[in-house]
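J.: Questions regarding the structure given below will be posed in turn.
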Amino acid sequence: MAPEADARVAADPAPPSAAPARTTPARGRRSHAAADAQGPEAFDAWFEARGWSPAPFQREAWAHYLAGRSGLLHAPTGSGKTLAVWGGPLLSALAQPPAPRAGVLRRLRVLWITPLKALAEDTARALRDPLADLGLDWQVGIRTGDASARDRKAAREGRFDALVTTPESLSLLLTYADTAPVLAGLEAVIVDEWHELMASKRGVLLELALARLRALAPRLRIWGLSATLGNLDEARRVLLPHAPDAPLVHGVAARETVIDTLIPPPGERFPWAGHLGLAQLPRVLERILGVRTSLLFTNTRSQAELWHQALAAVWPEAPETLALHHGSIDAALRHAVEDGLRAGALRCVVATSSLDLGVDFPTVDQVLQVGSPRGIARLLQRAGRAGHRPGAAGRIVCVPTNTLELLEFAAARHALTVGRIEARPPLRLSLDVLAQHLVTLALGGGFEAEAAYAEVRGTHAFAALGRRHWQAVLDFVVQGGAALSNYPDFARVVRTDDGRYAMSDRRQALRHRLSIGTIVSDGTLQVRYLKGGALGSVEEAFIARMTPGTRFAFAGRTLEFVRIRDMTAYVRRVEGGRVGAVRWMGAKMPLSSELGAELRRIVAGHDADAPEVAAARPILDLQARISALPDTDTLLVESLTARGEQQLFLYPFAGRHVHEGLGALFALRLARMQANTFSFAVSDYGLVVALARPMPVDDATLAVLLTPDGLLDDLHASLNMGELARRQFREIARVAGLLPPSLPGRTPPSLRALQASSGLIYDVLRQHDPGHVLLDQAEREVFEAQLEFRRLRATLERLHGAPRLLARPQSLTPLGFPLWAERIRGNLSNEDWRTRVERAAERLEARWSRG
DNA sequence: GACCTGCTGCGGGGTG
């Protein structure tokens with residue numbers, strides 16, 4: 001495999017700090033060779049003039065393109081992937097300049113889809129770069145939500161040769177009947193960062209849009225770009241369902257990634273539980289000061305705020321060299337941080353996933369990860385954010401926040417060496433997205449039902465769409481379905497006399513365009529200074545608890561709450577002092593199955609020489625002594641009775657969603673054996689079920705608890721499916737166009753109002769149209785997304801067949817302690833909880849050291 | 001004073 005030095009050979013375009021784009025041929029740089037070369041040779045000459053030569057995978061991708069094929073290119077960032085897919089259209093244009101159509105100056109030939117509008121500018125620059133040198137007079141435009149009215153118009157009229165856009169903006173293009181002839185002339189669509197899109201509804205929306213484009217331009221080539229993931233071949237099939245033989249081209253191998261864990265010295269007391277990690281502050285600061293620029297990743301926004309605050313308190317440099325970046329901070333402030341990174345003006349940025357993707361910052365020397373990486377792909381992604389020095393390995397400094405987390409980094413290291421990376425499962429049959437797309441089609445010139453059905457079934461997401469569901473979705477967009485047919489707002493599409501489905505009402509059209517997209521986020525308040533500067537957004541529930549004068553940390557500042565007006569929280573800045581940080585009720589991302597499996601392997605005694613494992617040795621030995629350490633495939637169950645209450649600890653290492661499902665399931669199944677009172681708590685490693693009255697538990701009991709038989713029925717019986725589905729329905733209602741979009745310039749509805757209106761619709765449907773397809777979908781999504789049903793079932797199958805080790809320790813064990821702490825959290829204040837956990841830890845340590 | 005879990009992404013249009 002080509003060494004990393006080859007990055008120069010096929011490098012991705014210069015970062016934005018480099019020379020600005022040239023729109024006219026730059027005489028000086030235009031090479032002698034390229035100036036004279038004709039046809040495809042000009043492209044080689046262009047490479048040559050830069051001292052580059054095309055890498056084999058680039059030539060491979062170009063050859064496929066020139067043969068008219070679609071494909072998927074698997075390549076890490078910075079490896080020359082842009083030119084690998086852009087070279088095709090360029091070579092094709094050089095080989096055969098298309099005859100200009102009469103009266104048409106330009107023709108939209110290439111559409112470049114990016115999931116991140118922040119990438120559009122750089123991408124456009126990269127695409128423009130070779131054009132002038134090759135003598136191609138192409139205009140490269142950008143059409144995202146940020147585009148000017150002029151650019152929007154130009155994009156719609158096809159006055160660009162290549163257009164960089166987002167999935168949402170592509171959908172918007174499809175809502176105009178006059179874009180059909182423009183799109184019919186397309187030669188290629190390139191989907192960047194396909195791995196980011198494919199497992200989400202955004203991906204489904206794009207699948208549908210691509211099916212439309214294929215119908216308009218049958219010879220269209222579609223090329224996807226993807227980072228490493230566990231199901232690359234599936235990624236290829238999802239993007240290219242029409243081309244089963246499409247090639248999967250592999251770019252240069254990813255460079256090696258070194259995991260460098262910050263291990264607390266032996267004498268230091270390291271937390272048993274908790275995930276904040278501030279005990280590691282001195283070591284982290286030392287690492288940060290050891291290089292020029294660092295990115296410090298945390299897992300949550302609140303944690304980022306707290307780490308920023310803690311670092312600021314001990315920051316020896318100019319305060320403005322330390323910055324904070326996360327998704328709830330105002331875009332302008334975030335852009336300022338990004339600019340600071342580009343300019344090399346920052347020493348450290350504390351960030352969440354908001355900096356996982358996007359523009360590469362060559363100035364970043366070091367990446368640190370605080371807390372569990374949750375998944376191997378995620379750790380790899382973050383490690384890749386540090387500057388690429390040719391030939392050097394990628395390095396990530398990992399900061400465990402508690403003792404057990406040490407092991408996760410050893411587990412991740414082994415996963416990387418054996419190439420175990422998570423798969424991203426594509427979504428299927430997202431009927432809310434289909435409904436939205438059908439309205440788009442109706443608005444964009446109308447459709448004929450049979451042709452549209454065939455087209456939609458040509459996607460991966462809807463390949464299995466049956467007639468009944470198709471008809472139901474069609475009815476839904478025409479009249480809202482049976483229960484909603486009296487509400488004109490829900491009758492969006494009309495069936496015309498010639499049997500076509502169309503949409504003409506201008507108000508409805510505007511409403512639909514405002515509703516396009518699948519990202520649902522609302523219920524937040526803007527945070528502003530009294531003078532007007534925007535800081536970002538927080539959740540209503542967080543601010544609701546405040547009275548004027550309450551202080552909190554947000555956006556890296558200490559603020560004082562003043563008042564709420566028009567969904568805006570007004571604040572003033574106050575001086576320092578440690579105050580509580582904003583908290584959000586975000587999604588709880590579980591540990592991946594892959595990392596969980598690796599962790600079981602480590603716990604079972606593998607990789608004992610890894611520094612993290614060595615550091616955790618005393619804990620592992622203790623666990624073995626007072627309870628047991630399970631083999632990789634053995635399930636450890638601990639039964640512990642104290643003060644008349646029995647606790648069952650299980651450690652499947654299957655991630656918190658699965659453990660939630662198991663908890664509910666076990667409570668139900670235990671109740672069948674004996675009338676009792678149950679409660680449970682989960683972590684990413686396991687769960688604890690507490691029984692108010694002890695009952696005998698043996699292996700036969702466990703076998704009953706763990707049987708996969710009747711899983712579905714039992715889950716239905718044990719969970720409040722109605723309420724879960726009702727909550728899930730809000731997103732579906734929004735995507736399907738049942739909720740009014742927030743109009744620009746108007747105060748957005750509050751979360752309560754949205755919940756109320758989606759809840760109202762949900763109830764109306766439940767009562768009058770219980771078979772409504774969107775209700776089914778809400779329940780399906782609860783199973784798939786919230787419970788991770790497939791993973792739950794797989795886990796249960798694994799556990800049921802696995803050897804079990806039933807231990808009866810006399811006290812809480814190192815594995816059980818965090819679960820116990822989690823369990824008592826519920827009804828205690830933070831402070832009380834903290835005190836109790838602290839006390840218990842001390843007692844246990846004393847007891848363990850005696851035993 | 002210590003102590004704190006809970007991600008990201010996009011999006012209008014016509015007139016002056």
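Ordered as shown in the structure tokens, chains take letters A, B, and onward, while each chain numbers its residues from 1 and ligands are numbered from 1 in the order shown.
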Please determine the contact residues of chain B with respect to chain A at a cut-off of 9 Å, counting only C-alpha atoms (C1' of nucleotides), and supply them as a ChimeraX atom specification.
T.: /B:3-13
J.: Near Glu822 (chain A), within 9 Å and counting only C-alpha atoms (C1' of nucleotides), which residues show up once chain neighbours fewer than 6 positions away are dropped, as a ChimeraX atom specification?
T.: /A:273,681-683
J.: So that I have them on file, write out the residues from the current selection with N, CA and C atoms, as a PDB file, in the first residue's frame.
T.:
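Everything below was put into selection-v3.pdb:
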```pdb
ATOM      1  N   ALA A 273     -16.691   6.160  39.728  1.00  0.00           N
ATOM      2  CA  ALA A 273     -17.841   6.424  38.865  1.00  0.00           C
ATOM      3  C   ALA A 273     -17.729   7.870  38.391  1.00  0.00           C
ATOM      4  N   ALA A 681     -31.478   0.154  36.945  1.00  0.00           N
ATOM      5  CA  ALA A 681     -30.653   1.243  36.438  1.00  0.00           C
ATOM      6  C   ALA A 681     -29.662   0.645  35.450  1.00  0.00           C
ATOM      7  N   VAL A 682     -29.216   1.463  34.512  1.00  0.00           N
ATOM      8  CA  VAL A 682     -28.326   0.937  33.479  1.00  0.00           C
ATOM      9  C   VAL A 682     -27.090   1.806  33.310  1.00  0.00           C
ATOM     10  N   SER A 683     -26.098   1.221  32.705  1.00  0.00           N
ATOM     11  CA  SER A 683     -24.939   1.971  32.228  1.00  0.00           C
ATOM     12  C   SER A 683     -24.594   1.370  30.865  1.00  0.00           C
TER      13      SER A 683
END
```
J.: Any idea what's packed within 12 Å of region 527-537 of chain A, counting only C-alpha atoms (C1' of nucleotides), ignoring anything in its chain fewer than 3 positions away? Could you give it as JSON, numbers by chain?
T.: {"A": [301, 324, 325, 326, 327, 328, 329, 330, 331, 332, 333, 334, 521, 522, 523, 524, 540, 541, 542, 543, 552, 553, 554, 555, 556, 557, 558, 559, 560, 561, 562, 563, 564, 565, 566, 567, 568, 569, 570, 571, 572, 573, 574, 582, 583, 584]}
J.: Considering only C-alpha atoms (C1' of nucleotides), return as a tab-separated table (two decimals) with all heavy atoms, in the first residue's frame whatever protein or nucleic-acid residues lie within 8 Å of Phe729 (chain A), sequence-local ones (same chain, fewer than 3 positions apart) excluded.
T.:
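In the end it all went to around-v9.tsv:
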```
chain	number	residue	atom	x	y	z
A	725	ALA	N	-44.31	6.09	21.78
A	725	ALA	CA	-44.64	6.35	20.38
A	725	ALA	C	-45.16	7.77	20.22
A	725	ALA	O	-44.89	8.44	19.22
A	725	ALA	CB	-45.68	5.34	19.89
A	726	ARG	N	-45.91	8.21	21.21
A	726	ARG	CA	-46.48	9.55	21.14
A	726	ARG	C	-45.36	10.59	21.06
A	726	ARG	O	-45.43	11.56	20.31
A	726	ARG	CB	-47.32	9.78	22.40
A	726	ARG	CG	-48.26	10.95	22.34
A	726	ARG	CD	-49.24	10.85	23.52
A	726	ARG	NE	-50.35	11.75	23.33
A	726	ARG	CZ	-50.43	12.94	23.93
A	726	ARG	NH1	-49.48	13.33	24.73
A	726	ARG	NH2	-51.46	13.73	23.69
A	732	ILE	N	-41.86	12.58	13.42
A	732	ILE	CA	-42.49	12.07	12.21
A	732	ILE	C	-43.49	13.08	11.65
A	732	ILE	O	-43.54	13.34	10.46
A	732	ILE	CB	-43.18	10.72	12.54
A	732	ILE	CG1	-42.10	9.68	12.84
A	732	ILE	CG2	-44.09	10.27	11.41
A	732	ILE	CD1	-42.63	8.43	13.46
A	733	ALA	N	-44.27	13.65	12.57
A	733	ALA	CA	-45.27	14.64	12.15
A	733	ALA	C	-44.59	15.82	11.48
A	733	ALA	O	-45.05	16.35	10.46
A	733	ALA	CB	-46.07	15.11	13.36
A	758	SER	N	-48.50	18.20	18.08
A	758	SER	CA	-48.23	16.86	17.55
A	758	SER	C	-48.98	15.82	18.37
A	758	SER	O	-49.49	14.84	17.84
A	758	SER	CB	-46.73	16.57	17.51
A	758	SER	OG	-46.28	16.06	18.74
A	759	GLY	N	-49.09	16.06	19.69
A	759	GLY	CA	-49.82	15.15	20.55
A	759	GLY	C	-51.30	15.10	20.18
A	759	GLY	O	-51.92	14.02	20.17
A	762	TYR	N	-51.66	13.17	17.10
A	762	TYR	CA	-51.45	11.77	17.43
A	762	TYR	C	-52.74	11.17	18.01
A	762	TYR	O	-53.18	10.09	17.62
A	762	TYR	CB	-50.31	11.65	18.44
A	762	TYR	CG	-49.97	10.24	18.84
A	762	TYR	CD1	-49.14	9.46	18.05
A	762	TYR	CD2	-50.48	9.70	20.01
A	762	TYR	CE1	-48.82	8.17	18.41
A	762	TYR	CE2	-50.17	8.40	20.38
A	762	TYR	CZ	-49.35	7.63	19.59
A	762	TYR	OH	-49.04	6.36	19.95
A	774	LEU	N	-48.46	6.47	9.72
A	774	LEU	CA	-47.47	7.21	10.50
A	774	LEU	C	-47.48	6.81	11.98
A	774	LEU	O	-46.48	6.96	12.67
A	774	LEU	CB	-47.69	8.72	10.35
A	774	LEU	CG	-47.45	9.26	8.93
A	774	LEU	CD1	-47.61	10.77	8.91
A	774	LEU	CD2	-46.08	8.88	8.39
A	775	LEU	N	-48.61	6.29	12.44
A	775	LEU	CA	-48.64	5.77	13.81
A	775	LEU	C	-47.79	4.50	13.89
A	775	LEU	O	-47.00	4.32	14.81
A	775	LEU	CB	-50.07	5.44	14.23
A	775	LEU	CG	-51.04	6.61	14.35
A	775	LEU	CD1	-52.42	6.11	14.77
A	775	LEU	CD2	-50.53	7.63	15.35
A	778	ALA	N	-44.24	5.44	14.04
A	778	ALA	CA	-43.77	5.94	15.32
A	778	ALA	C	-43.36	4.76	16.21
A	778	ALA	O	-42.32	4.77	16.85
A	778	ALA	CB	-44.85	6.78	15.99
```
J.: Which distance in Å separates CA of Leu278 (chain A) and CA of Val613 (chain A), to one decimal?
T.: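 Pair CA of Leu278 (chain A) / CA of Val613 (chain A) returns 21.1 Å.
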J.: If you run DSSP on this backbone, which residues of region 380-617 of chain A come out as strand (DSSP E or B), and could you give them as a CSV table (one decimal) with N, CA, C and O atoms, in the first residue's frame?
T.:
```csv
chain,number,residue,atom,x,y,z
A,394,GLY,N,-1.2,9.0,13.1
A,394,GLY,CA,-2.2,9.8,13.8
A,394,GLY,C,-2.1,9.5,15.3
A,394,GLY,O,-1.8,8.4,15.6
A,395,ARG,N,-2.3,10.5,16.1
A,395,ARG,CA,-2.2,10.2,17.5
A,395,ARG,C,-3.4,10.9,18.2
A,395,ARG,O,-3.8,12.0,17.9
A,396,ILE,N,-3.9,10.2,19.2
A,396,ILE,CA,-5.0,10.8,20.0
A,396,ILE,C,-4.7,10.5,21.4
A,396,ILE,O,-4.3,9.4,21.8
A,397,VAL,N,-4.7,11.6,22.2
A,397,VAL,CA,-4.5,11.5,23.6
A,397,VAL,C,-5.8,11.3,24.3
A,397,VAL,O,-6.7,12.1,24.2
A,398,CYS,N,-5.9,10.1,25.0
A,398,CYS,CA,-7.2,9.8,25.6
A,398,CYS,C,-7.2,10.0,27.1
A,398,CYS,O,-6.2,9.7,27.8
A,399,VAL,N,-8.3,10.6,27.5
A,399,VAL,CA,-8.4,11.0,28.9
A,399,VAL,C,-9.5,10.2,29.6
A,399,VAL,O,-10.7,10.6,29.5
A,447,PHE,N,-46.7,14.3,-10.6
A,447,PHE,CA,-46.2,13.0,-10.9
A,447,PHE,C,-47.4,12.1,-11.2
A,447,PHE,O,-48.6,12.4,-10.9
A,448,GLU,N,-47.1,11.0,-11.9
A,448,GLU,CA,-48.0,10.0,-12.2
A,448,GLU,C,-47.8,8.8,-11.2
A,448,GLU,O,-46.6,8.4,-11.0
A,494,VAL,N,-53.2,17.6,-5.0
A,494,VAL,CA,-54.5,17.3,-5.7
A,494,VAL,C,-54.3,16.3,-6.8
A,494,VAL,O,-53.3,16.3,-7.5
A,495,ARG,N,-55.3,15.5,-7.0
A,495,ARG,CA,-55.3,14.6,-8.1
A,495,ARG,C,-56.0,15.3,-9.3
A,495,ARG,O,-57.2,15.6,-9.2
A,500,ARG,N,-52.9,12.8,-12.8
A,500,ARG,CA,-51.6,13.2,-12.2
A,500,ARG,C,-51.8,13.8,-10.8
A,500,ARG,O,-52.9,14.2,-10.5
A,501,TYR,N,-50.8,13.7,-10.0
A,501,TYR,CA,-50.8,14.4,-8.7
A,501,TYR,C,-50.0,15.6,-8.7
A,501,TYR,O,-48.9,15.7,-9.2
A,502,ALA,N,-50.6,16.7,-8.3
A,502,ALA,CA,-49.9,18.0,-8.4
A,502,ALA,C,-50.3,18.9,-7.2
A,502,ALA,O,-51.1,18.6,-6.4
A,524,THR,N,-36.1,25.3,21.9
A,524,THR,CA,-35.0,26.0,22.5
A,524,THR,C,-35.3,27.5,22.6
A,524,THR,O,-36.1,28.0,21.8
A,525,LEU,N,-34.6,28.1,23.5
A,525,LEU,CA,-34.7,29.5,23.7
A,525,LEU,C,-33.4,30.1,23.2
A,525,LEU,O,-32.3,29.6,23.4
A,526,GLN,N,-33.4,31.2,22.5
A,526,GLN,CA,-32.2,31.9,22.1
A,526,GLN,C,-31.7,32.6,23.4
A,526,GLN,O,-32.5,33.1,24.2
A,527,VAL,N,-30.4,32.7,23.5
A,527,VAL,CA,-29.8,33.4,24.6
A,527,VAL,C,-29.1,34.6,24.0
A,527,VAL,O,-28.3,34.5,23.0
A,528,ARG,N,-29.4,35.8,24.5
A,528,ARG,CA,-28.9,37.1,24.0
A,528,ARG,C,-28.5,38.0,25.1
A,528,ARG,O,-29.1,38.0,26.2
A,529,TYR,N,-27.5,38.8,24.8
A,529,TYR,CA,-27.2,39.9,25.7
A,529,TYR,C,-28.3,40.9,25.6
A,529,TYR,O,-29.0,41.0,24.5
A,534,ALA,N,-26.0,37.7,20.1
A,534,ALA,CA,-26.5,36.3,20.3
A,534,ALA,C,-25.4,35.4,20.8
A,534,ALA,O,-24.3,35.5,20.3
A,535,LEU,N,-25.7,34.6,21.7
A,535,LEU,CA,-24.8,33.6,22.3
A,535,LEU,C,-25.0,32.2,21.9
A,535,LEU,O,-24.1,31.4,21.8
A,536,GLY,N,-26.3,31.9,21.6
A,536,GLY,CA,-26.6,30.5,21.3
A,536,GLY,C,-28.0,30.1,21.8
A,536,GLY,O,-28.9,31.0,21.9
A,537,SER,N,-28.2,28.9,22.1
A,537,SER,CA,-29.5,28.4,22.5
A,537,SER,C,-29.5,27.4,23.6
A,537,SER,O,-28.5,26.6,23.7
A,538,VAL,N,-30.4,27.5,24.5
A,538,VAL,CA,-30.6,26.5,25.6
A,538,VAL,C,-32.0,26.0,25.6
A,538,VAL,O,-32.9,26.5,24.9
A,539,GLU,N,-32.2,24.9,26.3
A,539,GLU,CA,-33.5,24.4,26.4
A,539,GLU,C,-34.4,25.1,27.3
A,539,GLU,O,-34.0,25.7,28.3
A,551,ARG,N,-27.2,32.8,38.1
A,551,ARG,CA,-26.0,32.8,37.2
A,551,ARG,C,-25.7,31.4,36.6
A,551,ARG,O,-26.0,30.4,37.3
A,552,PHE,N,-25.2,31.3,35.5
A,552,PHE,CA,-24.9,30.1,34.8
A,552,PHE,C,-23.7,30.3,33.8
A,552,PHE,O,-23.5,31.4,33.3
A,553,ALA,N,-23.1,29.2,33.5
A,553,ALA,CA,-22.0,29.2,32.5
A,553,ALA,C,-22.5,28.8,31.2
A,553,ALA,O,-23.1,27.7,31.1
A,554,PHE,N,-22.3,29.6,30.2
A,554,PHE,CA,-22.7,29.2,28.8
A,554,PHE,C,-21.8,29.9,27.8
A,554,PHE,O,-21.5,31.1,28.0
A,557,ARG,N,-18.8,31.7,28.9
A,557,ARG,CA,-18.9,33.0,29.7
A,557,ARG,C,-19.8,32.7,31.0
A,557,ARG,O,-20.6,31.8,31.0
A,558,THR,N,-19.6,33.6,32.0
A,558,THR,CA,-20.4,33.5,33.1
A,558,THR,C,-21.5,34.5,32.9
A,558,THR,O,-21.3,35.7,32.6
A,559,LEU,N,-22.8,34.1,33.0
A,559,LEU,CA,-23.9,35.0,32.6
A,559,LEU,C,-24.9,35.1,33.8
A,559,LEU,O,-24.9,34.2,34.6
A,560,GLU,N,-25.6,36.1,33.7
A,560,GLU,CA,-26.7,36.3,34.7
A,560,GLU,C,-28.0,36.5,34.0
A,560,GLU,O,-28.1,37.3,33.0
A,561,PHE,N,-29.0,35.6,34.4
A,561,PHE,CA,-30.3,35.6,33.7
A,561,PHE,C,-31.0,36.9,34.1
A,561,PHE,O,-31.1,37.3,35.2
A,562,VAL,N,-31.6,37.6,33.0
A,562,VAL,CA,-32.4,38.8,33.3
A,562,VAL,C,-33.9,38.6,33.1
A,562,VAL,O,-34.7,38.7,34.0
A,563,ARG,N,-34.3,38.2,31.9
A,563,ARG,CA,-35.7,37.9,31.6
A,563,ARG,C,-35.9,37.1,30.3
A,563,ARG,O,-35.0,37.0,29.5
A,564,ILE,N,-37.1,36.6,30.2
A,564,ILE,CA,-37.5,35.9,28.9
A,564,ILE,C,-38.5,36.8,28.2
A,564,ILE,O,-39.4,37.4,28.7
A,565,ARG,N,-38.2,37.0,26.9
A,565,ARG,CA,-39.2,37.6,26.0
A,565,ARG,C,-39.1,37.0,24.6
A,565,ARG,O,-38.0,36.9,24.1
A,568,THR,N,-36.8,34.3,23.9
A,568,THR,CA,-35.4,34.7,24.0
A,568,THR,C,-35.1,34.9,25.5
A,568,THR,O,-35.9,35.6,26.2
A,569,ALA,N,-34.0,34.3,25.9
A,569,ALA,CA,-33.6,34.6,27.3
A,569,ALA,C,-32.5,35.7,27.2
A,569,ALA,O,-31.5,35.5,26.6
A,570,TYR,N,-32.8,36.8,27.9
A,570,TYR,CA,-31.8,37.9,27.9
A,570,TYR,C,-30.9,37.7,29.1
A,570,TYR,O,-31.4,37.4,30.2
A,571,VAL,N,-29.7,38.0,28.9
A,571,VAL,CA,-28.7,37.8,30.0
A,571,VAL,C,-27.7,39.0,30.0
A,571,VAL,O,-27.6,39.7,29.0
A,572,ARG,N,-27.0,39.1,31.1
A,572,ARG,CA,-25.9,40.0,31.1
A,572,ARG,C,-24.6,39.3,31.5
A,572,ARG,O,-24.7,38.3,32.2
A,573,ARG,N,-23.5,39.7,31.1
A,573,ARG,CA,-22.3,39.0,31.4
A,573,ARG,C,-21.8,39.5,32.8
A,573,ARG,O,-21.9,40.7,33.1
A,581,ALA,N,-22.9,24.9,34.9
A,581,ALA,CA,-23.0,25.0,33.4
A,581,ALA,C,-24.4,24.7,32.9
A,581,ALA,O,-25.1,23.9,33.6
```
J.: Go through A:Arg287, A:Arg428, A:Arg798, A:Arg374 and flag the residue nearest Ser200 (chain A), using only C-alpha atoms for the distances.
T.: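 For Ser200 (chain A), the nearest of the given residues is A:Arg428.
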J.: Kindly give the distance, in Å, that separates CA of Arg804 (chain A) and CA of Leu665 (chain A), rounded to a single decimal.
T.: 18.4 Å
J.: At a cut-off of 10 Å, using only C-alpha atoms (C1' of nucleotides), what residues contact Ala717 (chain A)? Leave out same-chain residues fewer than 5 positions from it and give the result as a compact mmCIF listing (two decimals) with N, CA, C and O atoms, in the first residue's frame.
T.:
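Final output, around.txt:
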```
# COMPACT_ATOMS: atom_id res chain seq x y z
N ALA A 664 -36.28 -3.47 31.51
CA ALA A 664 -37.75 -3.53 31.48
C ALA A 664 -38.21 -4.98 31.33
O ALA A 664 -39.17 -5.43 31.98
N LEU A 665 -37.50 -5.70 30.48
CA LEU A 665 -37.85 -7.09 30.21
C LEU A 665 -37.69 -7.97 31.46
O LEU A 665 -38.58 -8.76 31.80
N LEU A 668 -40.37 -7.40 34.07
CA LEU A 668 -41.62 -8.08 33.72
C LEU A 668 -41.52 -9.58 33.98
O LEU A 668 -42.41 -10.19 34.58
N LEU A 711 -39.91 -12.28 23.02
CA LEU A 711 -39.29 -10.98 23.28
C LEU A 711 -40.19 -9.81 22.90
O LEU A 711 -40.41 -8.87 23.67
N LEU A 712 -40.74 -9.89 21.69
CA LEU A 712 -41.53 -8.77 21.18
C LEU A 712 -42.76 -8.53 22.07
O LEU A 712 -43.04 -7.40 22.48
```
J.: Compare A:Ala794, A:Phe653, A:Glu286, A:Ala279 by their minimum atom-to-atom distance to DA2 (chain B), counting only C-alpha atoms (C1' of nucleotides), and give me the closest one.
T.: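 Residue with the minimum atom-to-atom distance to DA2 (chain B): A:Ala279.
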